[in-house]
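Data file: target.cif. Format and content: mmCIF, C-alpha atoms (C1' of nucleotides).
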```
data_model
#
loop_
_atom_site.group_PDB
_atom_site.id
_atom_site.type_symbol
_atom_site.label_atom_id
_atom_site.label_comp_id
_atom_site.auth_asym_id
_atom_site.auth_seq_id
_atom_site.Cartn_x
_atom_site.Cartn_y
_atom_site.Cartn_z
ATOM 1 C CA MET A 116 -14.014 6.089 12.785
ATOM 2 C CA LEU A 117 -17.373 6.046 11.107
ATOM 3 C CA THR A 118 -16.577 7.096 7.567
ATOM 4 C CA SER A 119 -13.255 5.729 6.503
ATOM 5 C CA VAL A 120 -11.730 3.095 4.293
ATOM 6 C CA ASP A 121 -10.473 -0.360 5.164
ATOM 7 C CA THR A 122 -6.700 0.121 5.083
ATOM 8 C CA ASP A 123 -5.934 -3.593 5.010
ATOM 9 C CA LEU A 124 -7.825 -4.052 1.782
ATOM 10 C CA VAL A 125 -6.235 -0.970 0.255
ATOM 11 C CA ARG A 126 -2.811 -2.251 1.201
ATOM 12 C CA VAL A 127 -3.522 -5.531 -0.560
ATOM 13 C CA LEU A 128 -4.304 -3.633 -3.747
ATOM 14 C CA ALA A 129 -1.333 -1.281 -3.400
ATOM 15 C CA ASP A 130 1.077 -3.696 -5.043
ATOM 16 C CA PRO A 131 1.597 -3.273 -8.807
ATOM 17 C CA LEU A 132 1.723 -6.987 -9.529
ATOM 18 C CA ARG A 133 -1.380 -7.669 -7.464
ATOM 19 C CA MET A 134 -3.220 -4.853 -9.213
ATOM 20 C CA GLN A 135 -2.150 -6.306 -12.550
ATOM 21 C CA ILE A 136 -3.544 -9.666 -11.486
ATOM 22 C CA VAL A 137 -6.822 -8.041 -10.485
ATOM 23 C CA SER A 138 -7.033 -6.204 -13.796
ATOM 24 C CA LEU A 139 -6.394 -9.378 -15.746
ATOM 25 C CA LEU A 140 -8.960 -11.321 -13.745
ATOM 26 C CA ALA A 141 -11.524 -8.581 -14.296
ATOM 27 C CA ARG A 142 -11.358 -9.422 -17.996
ATOM 28 C CA GLU A 143 -11.209 -13.187 -17.804
ATOM 29 C CA THR A 144 -11.171 -16.026 -15.337
ATOM 30 C CA LEU A 145 -7.673 -17.446 -15.521
ATOM 31 C CA CYS A 146 -5.550 -20.160 -13.970
ATOM 32 C CA THR A 147 -2.097 -19.672 -12.523
ATOM 33 C CA THR A 148 -0.350 -20.773 -15.696
ATOM 34 C CA HIS A 149 -2.086 -18.050 -17.687
ATOM 35 C CA LEU A 150 -1.133 -15.463 -15.098
ATOM 36 C CA VAL A 151 2.487 -16.554 -15.275
ATOM 37 C CA GLU A 152 2.389 -16.033 -19.038
ATOM 38 C CA GLU A 153 0.619 -12.689 -18.857
ATOM 39 C CA THR A 154 2.624 -11.105 -16.073
ATOM 40 C CA GLY A 155 6.027 -12.657 -16.713
ATOM 41 C CA ALA A 156 6.429 -13.163 -12.980
ATOM 42 C CA LYS A 157 7.732 -16.363 -11.427
ATOM 43 C CA GLN A 158 5.141 -18.922 -10.451
ATOM 44 C CA THR A 159 6.232 -18.847 -6.819
ATOM 45 C CA ASN A 160 5.924 -15.103 -6.649
ATOM 46 C CA LEU A 161 2.478 -15.201 -8.228
ATOM 47 C CA SER A 162 1.365 -17.912 -5.857
ATOM 48 C CA ASN A 163 2.336 -15.729 -2.927
ATOM 49 C CA HIS A 164 0.415 -12.747 -4.241
ATOM 50 C CA LEU A 165 -2.587 -14.903 -5.071
ATOM 51 C CA LYS A 166 -2.596 -16.127 -1.488
ATOM 52 C CA VAL A 167 -2.697 -12.521 -0.295
ATOM 53 C CA LEU A 168 -5.587 -11.763 -2.641
ATOM 54 C CA ARG A 169 -7.382 -14.917 -1.536
ATOM 55 C CA ASP A 170 -6.969 -14.123 2.148
ATOM 56 C CA ALA A 171 -8.315 -10.633 1.533
ATOM 57 C CA GLY A 172 -11.337 -12.079 -0.245
ATOM 58 C CA VAL A 173 -10.561 -10.263 -3.466
ATOM 59 C CA VAL A 174 -10.437 -13.431 -5.539
ATOM 60 C CA GLU A 175 -11.815 -16.929 -5.195
ATOM 61 C CA THR A 176 -10.534 -20.217 -6.573
ATOM 62 C CA GLU A 177 -12.151 -22.959 -8.543
ATOM 63 C CA PRO A 178 -10.170 -26.171 -9.017
ATOM 64 C CA CYS A 179 -10.307 -27.708 -12.494
ATOM 65 C CA GLY A 180 -8.348 -30.922 -12.659
ATOM 66 C CA ARG A 181 -4.776 -30.074 -11.824
ATOM 67 C CA PHE A 182 -5.372 -26.426 -12.683
ATOM 68 C CA THR A 183 -6.746 -23.757 -10.410
ATOM 69 C CA TYR A 184 -8.937 -21.034 -11.821
ATOM 70 C CA TYR A 185 -8.976 -17.640 -10.183
ATOM 71 C CA ARG A 186 -12.057 -15.453 -10.324
ATOM 72 C CA LEU A 187 -12.428 -11.859 -9.223
ATOM 73 C CA ARG A 188 -15.105 -10.955 -6.647
ATOM 74 C CA PRO A 189 -16.550 -7.653 -7.855
ATOM 75 C CA GLU A 190 -18.410 -7.046 -4.571
ATOM 76 C CA VAL A 191 -15.164 -6.258 -2.789
ATOM 77 C CA LEU A 192 -14.135 -3.659 -5.350
ATOM 78 C CA ASP A 193 -17.593 -2.128 -5.357
ATOM 79 C CA GLN A 194 -17.562 -1.883 -1.606
ATOM 80 C CA LEU A 195 -14.181 -0.186 -1.680
ATOM 81 C CA ALA A 196 -15.330 2.226 -4.365
ATOM 82 C CA GLU A 197 -18.357 3.132 -2.274
ATOM 83 C CA GLN A 198 -16.186 3.892 0.734
ATOM 84 C CA PHE A 199 -14.069 6.273 -1.334
ATOM 85 C CA THR A 200 -17.131 7.900 -2.837
ATOM 86 C CA ARG A 201 -18.606 8.415 0.603
ATOM 87 C CA LEU A 202 -15.430 10.068 1.840
ATOM 88 C CA ALA A 203 -15.324 12.302 -1.216
ATOM 89 C CA SER A 204 -18.921 13.426 -0.873
ATOM 90 C CA LEU A 205 -18.420 14.078 2.819
ATOM 91 C CA ALA A 206 -15.461 16.270 1.911
ATOM 92 C CA ARG A 207 -17.547 18.134 -0.657
ATOM 93 C CA VAL A 208 -20.280 18.869 1.843
ATOM 94 C CA ASN A 209 -17.847 20.200 4.400
ATOM 95 C CA ASP A 210 -16.007 22.104 1.717
ATOM 96 C CA ALA A 211 -19.222 23.828 0.683
ATOM 97 C CA ALA A 212 -19.961 24.616 4.319
ATOM 98 C CA ASN A 213 -16.384 25.879 4.624
ATOM 99 C CA SER A 214 -16.062 24.032 7.914
ATOM 100 C CA LYS A 215 -12.634 24.943 9.119
ATOM 101 C CA ARG A 216 -11.520 24.523 12.675
ATOM 102 C CA ALA A 217 -10.118 27.721 14.200
ATOM 103 C CA CYS A 218 -6.393 28.051 14.665
ATOM 104 C CA PRO A 219 -5.510 27.125 18.237
ATOM 105 C CA MET B 198 -3.448 -1.577 -19.448
ATOM 106 C CA LEU B 199 -6.673 0.173 -20.313
ATOM 107 C CA THR B 200 -8.849 -0.545 -17.317
ATOM 108 C CA SER B 201 -6.808 -0.575 -14.182
ATOM 109 C CA VAL B 202 -6.127 1.492 -11.096
ATOM 110 C CA ASP B 203 -3.284 3.870 -10.360
ATOM 111 C CA THR B 204 -1.145 1.851 -7.962
ATOM 112 C CA ASP B 205 0.886 4.835 -6.796
ATOM 113 C CA LEU B 206 -2.212 6.579 -5.522
ATOM 114 C CA VAL B 207 -3.485 3.418 -3.866
ATOM 115 C CA ARG B 208 -0.156 2.944 -2.150
ATOM 116 C CA VAL B 209 -0.350 6.460 -0.758
ATOM 117 C CA LEU B 210 -3.708 5.641 0.809
ATOM 118 C CA ALA B 211 -2.583 2.227 2.061
ATOM 119 C CA ASP B 212 -1.064 3.637 5.239
ATOM 120 C CA PRO B 213 -3.301 3.687 8.332
ATOM 121 C CA LEU B 214 -2.091 7.067 9.541
ATOM 122 C CA ARG B 215 -2.477 8.640 6.107
ATOM 123 C CA MET B 216 -5.965 7.191 5.798
ATOM 124 C CA GLN B 217 -6.798 8.613 9.216
ATOM 125 C CA ILE B 218 -5.571 12.009 8.061
ATOM 126 C CA VAL B 219 -7.728 11.760 4.946
ATOM 127 C CA SER B 220 -10.766 10.772 7.012
ATOM 128 C CA LEU B 221 -10.242 13.674 9.381
ATOM 129 C CA LEU B 222 -9.773 16.130 6.541
ATOM 130 C CA ALA B 223 -12.949 14.859 4.890
ATOM 131 C CA ARG B 224 -14.841 16.180 7.913
ATOM 132 C CA GLU B 225 -13.007 19.423 8.459
ATOM 133 C CA THR B 226 -10.215 21.533 7.075
ATOM 134 C CA LEU B 227 -7.467 21.340 9.671
ATOM 135 C CA CYS B 228 -3.971 22.607 10.257
ATOM 136 C CA THR B 229 -1.031 20.491 11.323
ATOM 137 C CA THR B 230 -1.468 21.290 14.997
ATOM 138 C CA HIS B 231 -5.001 19.927 14.957
ATOM 139 C CA LEU B 232 -3.848 16.791 13.212
ATOM 140 C CA VAL B 233 -1.161 16.267 15.831
ATOM 141 C CA GLU B 234 -3.850 16.490 18.520
ATOM 142 C CA GLU B 235 -6.302 14.224 16.723
ATOM 143 C CA THR B 236 -3.913 11.484 15.677
ATOM 144 C CA GLY B 237 -1.464 11.586 18.559
ATOM 145 C CA ALA B 238 1.394 11.196 16.122
ATOM 146 C CA LYS B 239 4.601 13.209 16.300
ATOM 147 C CA GLN B 240 4.690 16.431 14.344
ATOM 148 C CA THR B 241 7.640 15.256 12.271
ATOM 149 C CA ASN B 242 5.929 12.052 11.343
ATOM 150 C CA LEU B 243 2.757 13.857 10.364
ATOM 151 C CA SER B 244 4.687 16.346 8.292
ATOM 152 C CA ASN B 245 6.249 13.498 6.352
ATOM 153 C CA HIS B 246 2.893 11.870 5.658
ATOM 154 C CA LEU B 247 1.362 15.201 4.698
ATOM 155 C CA LYS B 248 4.141 15.681 2.191
ATOM 156 C CA VAL B 249 3.335 12.312 0.664
ATOM 157 C CA LEU B 250 -0.347 13.227 0.456
ATOM 158 C CA ARG B 251 0.540 16.618 -1.033
ATOM 159 C CA ASP B 252 2.825 15.098 -3.665
ATOM 160 C CA ALA B 253 0.091 12.646 -4.610
ATOM 161 C CA GLY B 254 -2.382 15.513 -4.992
ATOM 162 C CA VAL B 255 -4.710 14.110 -2.363
ATOM 163 C CA VAL B 256 -4.589 17.241 -0.220
ATOM 164 C CA GLU B 257 -3.778 20.868 -0.823
ATOM 165 C CA THR B 258 -2.424 23.495 1.535
ATOM 166 C CA GLU B 259 -3.599 26.949 2.412
ATOM 167 C CA PRO B 260 -1.308 29.103 4.522
ATOM 168 C CA CYS B 261 -3.054 31.082 7.254
ATOM 169 C CA GLY B 262 -0.637 33.229 9.155
ATOM 170 C CA ARG B 263 1.901 30.944 10.666
ATOM 171 C CA PHE B 264 -0.442 28.002 10.376
ATOM 172 C CA THR B 265 -0.953 25.766 7.387
ATOM 173 C CA TYR B 266 -4.409 24.453 6.641
ATOM 174 C CA TYR B 267 -4.829 21.170 4.837
ATOM 175 C CA ARG B 268 -7.832 20.556 2.653
ATOM 176 C CA LEU B 269 -8.901 17.307 1.013
ATOM 177 C CA ARG B 270 -9.352 17.224 -2.761
ATOM 178 C CA PRO B 271 -12.453 15.072 -3.327
ATOM 179 C CA GLU B 272 -11.807 14.776 -7.070
ATOM 180 C CA VAL B 273 -8.915 12.407 -6.447
ATOM 181 C CA LEU B 274 -11.000 10.084 -4.282
ATOM 182 C CA ASP B 275 -13.880 10.187 -6.752
ATOM 183 C CA GLN B 276 -11.555 9.329 -9.594
ATOM 184 C CA LEU B 277 -10.166 6.412 -7.642
ATOM 185 C CA ALA B 278 -13.643 5.190 -6.768
ATOM 186 C CA GLU B 279 -14.632 5.325 -10.418
ATOM 187 C CA GLN B 280 -11.627 3.226 -11.403
ATOM 188 C CA PHE B 281 -12.594 0.560 -8.892
ATOM 189 C CA THR B 282 -16.205 0.650 -9.987
ATOM 190 C CA ARG B 283 -15.170 0.248 -13.601
ATOM 191 C CA LEU B 284 -13.042 -2.758 -12.767
ATOM 192 C CA ALA B 285 -15.876 -4.308 -10.791
ATOM 193 C CA SER B 286 -18.438 -3.839 -13.543
ATOM 194 C CA LEU B 287 -16.020 -5.245 -16.105
ATOM 195 C CA ALA B 288 -15.631 -8.279 -13.904
ATOM 196 C CA ARG B 289 -19.403 -8.651 -13.607
ATOM 197 C CA VAL B 290 -19.863 -8.570 -17.371
ATOM 198 C CA ASN B 291 -17.208 -11.181 -17.951
ATOM 199 C CA ASP B 292 -18.563 -13.228 -15.101
ATOM 200 C CA ALA B 293 -22.022 -13.237 -16.665
ATOM 201 C CA ALA B 294 -20.507 -14.196 -20.008
ATOM 202 C CA ASN B 295 -18.536 -16.895 -18.182
ATOM 203 C CA SER B 296 -15.445 -15.918 -20.150
ATOM 204 C CA LYS B 297 -12.846 -18.384 -18.999
ATOM 205 C CA ARG B 298 -9.660 -19.065 -20.899
ATOM 206 C CA ALA B 299 -9.115 -22.754 -21.693
ATOM 207 C CA CYS B 300 -6.547 -24.688 -19.709
ATOM 208 C CA PRO B 301 -3.294 -24.745 -21.637
ATOM 209 C "C1'" DT C 145 15.212 42.951 15.259
ATOM 210 C "C1'" DG C 146 14.767 39.231 18.678
ATOM 211 C "C1'" DA C 147 11.902 35.612 20.806
ATOM 212 C "C1'" DG C 148 8.705 32.156 20.354
ATOM 213 C "C1'" DA C 149 5.633 29.276 17.714
ATOM 214 C "C1'" DT C 150 4.633 26.482 13.678
ATOM 215 C "C1'" DT C 151 5.991 23.648 10.028
ATOM 216 C "C1'" DA C 152 9.376 21.345 6.942
ATOM 217 C "C1'" DT C 153 13.650 18.822 6.008
ATOM 218 C "C1'" DC C 154 17.466 15.643 6.856
ATOM 219 C "C1'" DA C 155 19.959 11.574 8.486
ATOM 220 C "C1'" DG C 156 19.647 7.349 10.771
ATOM 221 C "C1'" DT C 157 17.377 3.132 12.531
ATOM 222 C "C1'" DC C 158 14.268 -0.537 12.284
ATOM 223 C "C1'" DC C 159 10.639 -3.380 10.613
ATOM 224 C "C1'" DA C 160 7.415 -5.070 7.068
ATOM 225 C "C1'" DT C 161 7.106 -7.056 2.838
ATOM 226 C "C1'" DG C 162 8.302 -8.488 -1.851
ATOM 227 C "C1'" DC C 163 11.310 -11.734 -4.410
ATOM 228 C "C1'" DT C 164 13.742 -16.080 -5.003
ATOM 229 C "C1'" DG C 165 15.196 -21.029 -4.710
ATOM 230 C "C1'" DA C 166 14.349 -25.436 -2.727
ATOM 231 C "C1'" DC C 167 11.086 -28.514 -1.586
ATOM 232 C "C1'" DG C 168 6.405 -30.703 -0.795
ATOM 233 C "C1'" DT C 169 1.848 -32.060 -2.469
ATOM 234 C "C1'" DC C 170 -1.730 -33.270 -5.509
ATOM 235 C "C1'" DA C 171 -3.849 -34.668 -10.060
ATOM 236 C "C1'" DG C 172 -3.456 -36.916 -14.325
ATOM 237 C "C1'" DT C 173 -0.949 -40.126 -17.662
ATOM 238 C "C1'" DC C 174 1.882 -43.898 -18.973
ATOM 239 C "C1'" DG D 109 3.098 -47.633 -9.096
ATOM 240 C "C1'" DA D 110 6.429 -44.259 -11.412
ATOM 241 C "C1'" DC D 111 6.645 -40.027 -13.840
ATOM 242 C "C1'" DT D 112 5.349 -35.368 -15.124
ATOM 243 C "C1'" DG D 113 3.224 -31.015 -14.671
ATOM 244 C "C1'" DA D 114 0.640 -27.583 -11.747
ATOM 245 C "C1'" DC D 115 0.477 -25.293 -7.630
ATOM 246 C "C1'" DG D 116 1.530 -24.159 -2.743
ATOM 247 C "C1'" DT D 117 4.638 -23.512 1.325
ATOM 248 C "C1'" DC D 118 8.816 -22.302 3.669
ATOM 249 C "C1'" DA D 119 13.261 -19.970 4.805
ATOM 250 C "C1'" DG D 120 16.483 -16.533 3.610
ATOM 251 C "C1'" DC D 121 17.763 -12.237 1.590
ATOM 252 C "C1'" DA D 122 17.203 -7.505 0.132
ATOM 253 C "C1'" DT D 123 14.773 -3.355 -0.344
ATOM 254 C "C1'" DG D 124 11.324 0.191 0.706
ATOM 255 C "C1'" DG D 125 9.181 2.880 3.769
ATOM 256 C "C1'" DA D 126 7.607 4.284 8.483
ATOM 257 C "C1'" DC D 127 9.203 6.441 12.599
ATOM 258 C "C1'" DT D 128 12.329 9.442 15.395
ATOM 259 C "C1'" DG D 129 15.528 13.235 16.971
ATOM 260 C "C1'" DA D 130 17.959 17.111 15.596
ATOM 261 C "C1'" DT D 131 17.841 21.011 12.957
ATOM 262 C "C1'" DA D 132 16.431 24.508 9.582
ATOM 263 C "C1'" DA D 133 13.116 27.728 7.667
ATOM 264 C "C1'" DT D 134 9.251 30.778 8.063
ATOM 265 C "C1'" DC D 135 5.918 33.567 10.199
ATOM 266 C "C1'" DT D 136 3.899 36.626 14.087
ATOM 267 C "C1'" DC D 137 4.214 39.761 17.577
ATOM 268 C "C1'" DA D 138 6.351 42.543 21.052
#
```
Can I see the file as structure tokens?
Amino acid sequence: MLTSVDTDLVRVLADPLRMQIVSLLARETLCTTHLVEETGAKQTNLSNHLKVLRDAGVVETEPCGRFTYYRLRPEVLDQLAEQFTRLASLARVNDAANSKRACP
Amino acid sequence: MLTSVDTDLVRVLADPLRMQIVSLLARETLCTTHLVEETGAKQTNLSNHLKVLRDAGVVETEPCGRFTYYRLRPEVLDQLAEQFTRLASLARVNDAANSKRACP
DNA sequence: TGAGATTATCAGTCCATGCTGACGTCAGTC
DNA sequence: GACTGACGTCAGCATGGACTGATAATCTCA
């Protein structure tokens, strides 16, 4: 399908805790310890979600001694936003043209 | 949280079949029968997903005789795109400022 | 009104995924 | 080198949600 949205990426962001992590990282680059404090989630749980975000390319890591900083990659979010915008504008065009397939 | 994204809406769009429905409806207003043809999914299954999309406000229905047309609501997608864009730009600003919380 | 077509709802099954505890690994400090 | 703290991995459990078949509800047309 030409104009669509990457479902895998959307699925990664569909989890409340993961979205909270993303929102926090959009404000500040943080290490796991900070995220544990901010979210109240267990470290193990966070580590799992961070792995998912890493694998999806949403965040990237930067080791700092025995700490690991997590940084958000805005490109990914921008790309996703553009895909949604494109879908929306396509819908608007076809809505204006009133393109409706005839009942079978 | 001030700048974040509505997880419920994202979750609705995180399903491949639902995203396919949205993509199809972005091109054309269709009724359930058409969607069954296009997706190859069972009618029952589609009806379930359409209910989810309806409840989330992503699509709206328009009865036409004994058929039901489904139309995409672009506003919802635009709103979602804007939320992602906002998050991304916030991340860029903080990235430029190199705002990194000190290791504890 | 009765038959057929279209769509929605319900109950049940099954699988993906999120959460947790135990453990392993690595870096820094004594 | 031993200890401590930070972080990741793994296995097991539990829950949510996707899919299906049966059935109900609604509409059109003869």
What does chain B look like after a least-squares fit onto chain A on every Cα paired in order, written as a PDB file with C-alpha atoms, in the frame of the given file?
```pdb
ATOM      1  CA  MET B 198     -14.026   6.040  12.753  1.00  0.00           C
ATOM      2  CA  LEU B 199     -17.391   5.982  11.053  1.00  0.00           C
ATOM      3  CA  THR B 200     -16.571   7.052   7.531  1.00  0.00           C
ATOM      4  CA  SER B 201     -13.241   5.705   6.485  1.00  0.00           C
ATOM      5  CA  VAL B 202     -11.702   3.070   4.260  1.00  0.00           C
ATOM      6  CA  ASP B 203     -10.406  -0.371   5.131  1.00  0.00           C
ATOM      7  CA  THR B 204      -6.646   0.135   5.030  1.00  0.00           C
ATOM      8  CA  ASP B 205      -5.853  -3.574   4.959  1.00  0.00           C
ATOM      9  CA  LEU B 206      -7.765  -4.029   1.735  1.00  0.00           C
ATOM     10  CA  VAL B 207      -6.192  -0.943   0.199  1.00  0.00           C
ATOM     11  CA  ARG B 208      -2.754  -2.207   1.115  1.00  0.00           C
ATOM     12  CA  VAL B 209      -3.472  -5.487  -0.635  1.00  0.00           C
ATOM     13  CA  LEU B 210      -4.283  -3.595  -3.823  1.00  0.00           C
ATOM     14  CA  ALA B 211      -1.320  -1.230  -3.481  1.00  0.00           C
ATOM     15  CA  ASP B 212       1.095  -3.648  -5.130  1.00  0.00           C
ATOM     16  CA  PRO B 213       1.613  -3.253  -8.892  1.00  0.00           C
ATOM     17  CA  LEU B 214       1.739  -6.975  -9.585  1.00  0.00           C
ATOM     18  CA  ARG B 215      -1.368  -7.654  -7.511  1.00  0.00           C
ATOM     19  CA  MET B 216      -3.197  -4.838  -9.269  1.00  0.00           C
ATOM     20  CA  GLN B 217      -2.146  -6.313 -12.604  1.00  0.00           C
ATOM     21  CA  ILE B 218      -3.528  -9.670 -11.512  1.00  0.00           C
ATOM     22  CA  VAL B 219      -6.802  -8.029 -10.509  1.00  0.00           C
ATOM     23  CA  SER B 220      -7.017  -6.202 -13.840  1.00  0.00           C
ATOM     24  CA  LEU B 221      -6.389  -9.398 -15.764  1.00  0.00           C
ATOM     25  CA  LEU B 222      -8.939 -11.322 -13.736  1.00  0.00           C
ATOM     26  CA  ALA B 223     -11.501  -8.578 -14.315  1.00  0.00           C
ATOM     27  CA  ARG B 224     -11.341  -9.450 -18.013  1.00  0.00           C
ATOM     28  CA  GLU B 225     -11.180 -13.206 -17.787  1.00  0.00           C
ATOM     29  CA  THR B 226     -11.160 -16.040 -15.311  1.00  0.00           C
ATOM     30  CA  LEU B 227      -7.652 -17.452 -15.474  1.00  0.00           C
ATOM     31  CA  CYS B 228      -5.564 -20.154 -13.889  1.00  0.00           C
ATOM     32  CA  THR B 229      -2.100 -19.683 -12.462  1.00  0.00           C
ATOM     33  CA  THR B 230      -0.368 -20.811 -15.633  1.00  0.00           C
ATOM     34  CA  HIS B 231      -2.090 -18.097 -17.636  1.00  0.00           C
ATOM     35  CA  LEU B 232      -1.143 -15.503 -15.070  1.00  0.00           C
ATOM     36  CA  VAL B 233       2.481 -16.598 -15.234  1.00  0.00           C
ATOM     37  CA  GLU B 234       2.377 -16.101 -19.010  1.00  0.00           C
ATOM     38  CA  GLU B 235       0.607 -12.751 -18.852  1.00  0.00           C
ATOM     39  CA  THR B 236       2.629 -11.146 -16.088  1.00  0.00           C
ATOM     40  CA  GLY B 237       6.004 -12.742 -16.705  1.00  0.00           C
ATOM     41  CA  ALA B 238       6.447 -13.203 -12.983  1.00  0.00           C
ATOM     42  CA  LYS B 239       7.774 -16.382 -11.400  1.00  0.00           C
ATOM     43  CA  GLN B 240       5.222 -18.972 -10.405  1.00  0.00           C
ATOM     44  CA  THR B 241       6.288 -18.832  -6.769  1.00  0.00           C
ATOM     45  CA  ASN B 242       5.946 -15.101  -6.636  1.00  0.00           C
ATOM     46  CA  LEU B 243       2.519 -15.211  -8.226  1.00  0.00           C
ATOM     47  CA  SER B 244       1.386 -17.907  -5.847  1.00  0.00           C
ATOM     48  CA  ASN B 245       2.350 -15.710  -2.921  1.00  0.00           C
ATOM     49  CA  HIS B 246       0.435 -12.728  -4.275  1.00  0.00           C
ATOM     50  CA  LEU B 247      -2.567 -14.895  -5.082  1.00  0.00           C
ATOM     51  CA  LYS B 248      -2.586 -16.087  -1.502  1.00  0.00           C
ATOM     52  CA  VAL B 249      -2.661 -12.493  -0.314  1.00  0.00           C
ATOM     53  CA  LEU B 250      -5.546 -11.720  -2.662  1.00  0.00           C
ATOM     54  CA  ARG B 251      -7.358 -14.875  -1.536  1.00  0.00           C
ATOM     55  CA  ASP B 252      -6.931 -14.055   2.152  1.00  0.00           C
ATOM     56  CA  ALA B 253      -8.259 -10.560   1.520  1.00  0.00           C
ATOM     57  CA  GLY B 254     -11.302 -12.009  -0.247  1.00  0.00           C
ATOM     58  CA  VAL B 255     -10.526 -10.205  -3.478  1.00  0.00           C
ATOM     59  CA  VAL B 256     -10.398 -13.397  -5.527  1.00  0.00           C
ATOM     60  CA  GLU B 257     -11.792 -16.875  -5.155  1.00  0.00           C
ATOM     61  CA  THR B 258     -10.521 -20.175  -6.494  1.00  0.00           C
ATOM     62  CA  GLU B 259     -12.172 -22.901  -8.474  1.00  0.00           C
ATOM     63  CA  PRO B 260     -10.258 -26.134  -8.951  1.00  0.00           C
ATOM     64  CA  CYS B 261     -10.468 -27.607 -12.446  1.00  0.00           C
ATOM     65  CA  GLY B 262      -8.603 -30.853 -12.684  1.00  0.00           C
ATOM     66  CA  ARG B 263      -5.042 -30.134 -11.820  1.00  0.00           C
ATOM     67  CA  PHE B 264      -5.493 -26.474 -12.614  1.00  0.00           C
ATOM     68  CA  THR B 265      -6.791 -23.776 -10.326  1.00  0.00           C
ATOM     69  CA  TYR B 266      -8.936 -21.024 -11.757  1.00  0.00           C
ATOM     70  CA  TYR B 267      -8.975 -17.625 -10.128  1.00  0.00           C
ATOM     71  CA  ARG B 268     -12.044 -15.453 -10.305  1.00  0.00           C
ATOM     72  CA  LEU B 269     -12.410 -11.837  -9.220  1.00  0.00           C
ATOM     73  CA  ARG B 270     -15.078 -10.956  -6.659  1.00  0.00           C
ATOM     74  CA  PRO B 271     -16.526  -7.635  -7.860  1.00  0.00           C
ATOM     75  CA  GLU B 272     -18.380  -7.033  -4.587  1.00  0.00           C
ATOM     76  CA  VAL B 273     -15.123  -6.243  -2.816  1.00  0.00           C
ATOM     77  CA  LEU B 274     -14.100  -3.645  -5.391  1.00  0.00           C
ATOM     78  CA  ASP B 275     -17.574  -2.118  -5.393  1.00  0.00           C
ATOM     79  CA  GLN B 276     -17.535  -1.870  -1.630  1.00  0.00           C
ATOM     80  CA  LEU B 277     -14.164  -0.175  -1.728  1.00  0.00           C
ATOM     81  CA  ALA B 278     -15.325   2.240  -4.405  1.00  0.00           C
ATOM     82  CA  GLU B 279     -18.352   3.134  -2.317  1.00  0.00           C
ATOM     83  CA  GLN B 280     -16.165   3.897   0.690  1.00  0.00           C
ATOM     84  CA  PHE B 281     -14.057   6.273  -1.374  1.00  0.00           C
ATOM     85  CA  THR B 282     -17.116   7.896  -2.874  1.00  0.00           C
ATOM     86  CA  ARG B 283     -18.593   8.408   0.569  1.00  0.00           C
ATOM     87  CA  LEU B 284     -15.424  10.053   1.798  1.00  0.00           C
ATOM     88  CA  ALA B 285     -15.329  12.309  -1.242  1.00  0.00           C
ATOM     89  CA  SER B 286     -18.933  13.422  -0.889  1.00  0.00           C
ATOM     90  CA  LEU B 287     -18.424  14.073   2.813  1.00  0.00           C
ATOM     91  CA  ALA B 288     -15.488  16.255   1.909  1.00  0.00           C
ATOM     92  CA  ARG B 289     -17.566  18.131  -0.663  1.00  0.00           C
ATOM     93  CA  VAL B 290     -20.303  18.868   1.857  1.00  0.00           C
ATOM     94  CA  ASN B 291     -17.866  20.169   4.421  1.00  0.00           C
ATOM     95  CA  ASP B 292     -16.051  22.101   1.752  1.00  0.00           C
ATOM     96  CA  ALA B 293     -19.271  23.825   0.718  1.00  0.00           C
ATOM     97  CA  ALA B 294     -20.031  24.586   4.355  1.00  0.00           C
ATOM     98  CA  ASN B 295     -16.458  25.862   4.689  1.00  0.00           C
ATOM     99  CA  SER B 296     -16.141  24.007   7.981  1.00  0.00           C
ATOM    100  CA  LYS B 297     -12.695  24.921   9.184  1.00  0.00           C
ATOM    101  CA  ARG B 298     -11.574  24.493  12.760  1.00  0.00           C
ATOM    102  CA  ALA B 299     -10.176  27.681  14.314  1.00  0.00           C
ATOM    103  CA  CYS B 300      -6.441  27.997  14.784  1.00  0.00           C
ATOM    104  CA  PRO B 301      -5.559  26.989  18.320  1.00  0.00           C
TER     105      PRO B 301
END
```
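Remark: for chain B, the closest of the candidate residues A:Ala141, A:Ala211, A:Val120, A:Leu132 is A:Ala141 (distances computed over only C-alpha atoms).
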For the structure provided, state which residues fall under the PyMOL selection byres ((chain C and resi 162) around 10), and present them as an MDAnalysis selection string. (chainID A and resid 130 160 163:164) or (chainID C and resid 160:161 163:164) or (chainID D and resid 122:124)
Residue members of the PyMOL selection byres ((chain A) within 9 of (chain C)) in the file shown, as a list in words: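 Expected selection for the PyMOL selection byres ((chain A) within 9 of (chain C)) here is Lys157, Thr159, Asn160, Gly180, Arg181 and Phe182 of chain A.
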Enumerate, in order of chain and increasing residue number, the residues of chain D with an atom no farther than 12 Å from chain B, each with its shortest atom pair and distance in Å to one decimal, counting only C-alpha atoms (C1' of nucleotides), as JSON lines.
```
{"residue": "D:DG113", "atom": "C1'", "partner": "B:Pro301", "partner_atom": "CA", "distance": 11.4}
{"residue": "D:DA114", "atom": "C1'", "partner": "B:Pro301", "partner_atom": "CA", "distance": 11.0}
{"residue": "D:DG125", "atom": "C1'", "partner": "B:Asp212", "partner_atom": "CA", "distance": 10.4}
{"residue": "D:DA126", "atom": "C1'", "partner": "B:Asn242", "partner_atom": "CA", "distance": 8.4}
{"residue": "D:DC127", "atom": "C1'", "partner": "B:Asn242", "partner_atom": "CA", "distance": 6.6}
{"residue": "D:DT128", "atom": "C1'", "partner": "B:Asn242", "partner_atom": "CA", "distance": 8.0}
{"residue": "D:DG129", "atom": "C1'", "partner": "B:Thr241", "partner_atom": "CA", "distance": 9.4}
{"residue": "D:DA130", "atom": "C1'", "partner": "B:Thr241", "partner_atom": "CA", "distance": 11.0}
{"residue": "D:DT131", "atom": "C1'", "partner": "B:Thr241", "partner_atom": "CA", "distance": 11.7}
{"residue": "D:DT134", "atom": "C1'", "partner": "B:Arg263", "partner_atom": "CA", "distance": 7.8}
{"residue": "D:DC135", "atom": "C1'", "partner": "B:Arg263", "partner_atom": "CA", "distance": 4.8}
{"residue": "D:DT136", "atom": "C1'", "partner": "B:Arg263", "partner_atom": "CA", "distance": 6.9}
{"residue": "D:DC137", "atom": "C1'", "partner": "B:Arg263", "partner_atom": "CA", "distance": 11.4}
```
